[in-house]
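**Student:** Supplied in structure tokens, the structure appears directly below.
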Amino acid sequence: MLRSVIAGALLAASLALVSGCSSLDSSKDDTVGWSAQRLYGEAKDAQASRDWQKAIKLLEKLEARYPYGRYAQQAQLEVAYCQYKDGERAAAIAAADRFIKLYPNHPNVDYAWYLKGLINFNELQGMLSWLTTPDMSDRDPKASREGFLAFKEVVTRYPESRYAEDAAARMRYLVNALAANEVHVARYYIKRGAYVAAANRAQFAIEHYPQAPAIEGAMVALVQAYDALGMTDLRDASDRVMRTNFPDSKYLTGKAGRSAAWWKLWDPDW
């Protein structure tokens, strides 16, 4: 009899302890028991208030608790967007990539590609330091290239997407920026006497971004580099291309006039 009483007391104590722990856990997380719809709604409210961290936590809980519902898929996109707005660029791109991989046929996959492009595009703002930083050789516009490829996916695979027009416009901007970067680097190398490297960078710009406005400057750099290297045949061939494609160029008609050796009158500072 005594043994039964003791066993009953121990069981009651154990149940009370478990109940107490459960109650304690619930007090730590007010979202316990929330539906997927409520979690998503609260996350959207947090986004509206620009509380990105709160929104991310709610969306991640939604994914963990309801991984197979329709809200879970949308939550992944929302997480990527919130991380982007919160300055977590790498995490945002990883989230967008994950969504693209898991749901390649999702109706909103075009937005995932567009968001990936947008994250990389805005990284360009930090890259604009190449316009003022003297040392250009260590500037690798990787983000711009990745942004361009992501926007290209939107334009080519989802031409009817509402993001296609904006993606195309940003692609044009990125092409110009990438070409300009190559020309800046070529100029940097010319100023330091690294003429082979300068010729390579100018040639790269001409081959990969032939329609960019910066190509005019790339041709100037190429002619100057070949002249400095004593490669007269290549210099003269590039000079002919320059005169044919840019007959009214300031490099040909400015202070150099139409001198046969106009490139010698232009220093790399342009």
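Note on naming: chains are A, B, ... as they come in the structure tokens, residues start from 1 per chain, ligands start from 1 in the order shown.
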Can you pull out every residue within 9 Å of range 52-69 of chain A, counting only C-alpha atoms, but drop anything in the same chain fewer than 4 positions away, and send it as a list in words?
**Tutor:**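 Result of the neighbour search: Thr31, Ser35, Ala36, Gln37, Leu39, Tyr40, Glu42, Ala43, Lys44, Asp45, Ala46, Gln47, Gln73, Ala75, Gln76, Glu78, Val79, Ala80, Cys82, Gln83, Lys85 and Asp86 of chain A.
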**Student:** May I have the residues within 7 Å of range 179-196 of chain A as number ranges by chain, using only C-alpha atoms and disregarding those fewer than 4 positions away in the same chain?
**Tutor:** A: 136-137, 175, 200-202, 205, 209, 212, 214, 217-218, 221, 225, 228-229, 268
**Student:** Just to be explicit: take each residue in the selection above, keep C-alpha atoms, and write the result as a compact mmCIF listing (two decimals), in the first residue's frame.
**Tutor:**
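Output (selection-v7.txt):
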# COMPACT_ATOMS: atom_id res chain seq x y z
CA MET A 136 41.89 49.63 -59.94
CA SER A 137 43.59 46.26 -60.27
CA VAL A 175 26.68 46.14 -69.37
CA ASN A 200 44.06 42.39 -72.42
CA ARG A 201 41.50 44.33 -70.39
CA ALA A 202 40.63 46.62 -73.29
CA ALA A 205 35.71 44.86 -72.96
CA TYR A 209 30.44 44.41 -74.35
CA ALA A 212 28.53 49.66 -74.57
CA ALA A 214 32.67 52.69 -72.98
CA GLY A 217 37.56 54.40 -74.51
CA ALA A 218 38.54 50.75 -74.75
CA ALA A 221 43.42 52.14 -74.50
CA ALA A 225 48.91 49.82 -75.31
CA ALA A 228 53.76 51.34 -76.19
CA LEU A 229 54.54 47.67 -76.82
CA PRO A 268 45.77 57.90 -69.62
**Student:** Can you check which residues of range 63-234 of chain A DSSP gives as alpha helix (DSSP H) on the backbone and send them as a ChimeraX atom specification?
**Tutor:** /A:63-65,70-85,89-102,109-127,142-157,164-191,195-208,215-229,232-234
**Student:** Quick one: residues within 12 Å of Glu165 in chain A, only C-alpha atoms, excluding same-chain residues fewer than 6 positions away - as a short mmCIF file (atom, residue, chain, number, x, y, z; two decimals) with N, CA and C atoms, in the first residue's frame?
**Tutor:**
data_model
loop_
_atom_site.label_atom_id
_atom_site.label_comp_id
_atom_site.auth_asym_id
_atom_site.auth_seq_id
_atom_site.Cartn_x
_atom_site.Cartn_y
_atom_site.Cartn_z
N TYR A 114 14.59 37.61 -60.22
CA TYR A 114 14.67 39.07 -60.22
C TYR A 114 15.26 39.58 -58.91
N PHE A 151 19.22 38.69 -64.10
CA PHE A 151 18.24 39.46 -64.88
C PHE A 151 18.02 38.83 -66.26
N LYS A 152 19.07 38.28 -66.82
CA LYS A 152 18.95 37.64 -68.13
C LYS A 152 18.00 36.45 -68.06
N VAL A 154 15.40 36.22 -66.15
CA VAL A 154 14.05 36.79 -66.14
C VAL A 154 13.62 37.16 -67.55
N VAL A 155 14.50 37.86 -68.26
CA VAL A 155 14.16 38.37 -69.59
C VAL A 155 13.98 37.25 -70.61
N THR A 156 14.85 36.26 -70.57
CA THR A 156 14.81 35.21 -71.59
C THR A 156 13.82 34.09 -71.27
N TYR A 158 11.28 34.27 -68.85
CA TYR A 158 9.96 34.75 -68.42
C TYR A 158 9.68 36.11 -69.06
N PRO A 159 9.64 36.17 -70.39
CA PRO A 159 9.48 37.47 -71.06
C PRO A 159 8.17 38.17 -70.73
N MET A 171 19.89 45.33 -66.97
CA MET A 171 20.92 44.64 -67.75
C MET A 171 21.73 45.62 -68.58
N ARG A 172 21.03 46.55 -69.22
CA ARG A 172 21.73 47.55 -70.04
C ARG A 172 22.66 48.40 -69.17
#
**Student:** Report, in Å to a single decimal, how far apart CA of Asp30 in chain A and CA of Ser49 in chain A are.
**Tutor:**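 Value for the CA of Ser49 in chain A-CA of Asp30 in chain A distance: 19.3 Å.
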**Student:** Have a look at CA of Lys116 in chain A and CA of Arg50 in chain A and let me know their distance in Å, one decimal.
**Tutor:**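 Distance between the two atoms: 20.1 Å.
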**Student:** Would you mind listing what lies within 12 Å of Trp113 in chain A as a count of residues only, with only C-alpha atoms counted and same-chain residues fewer than 5 positions away left out?
**Tutor:** 38
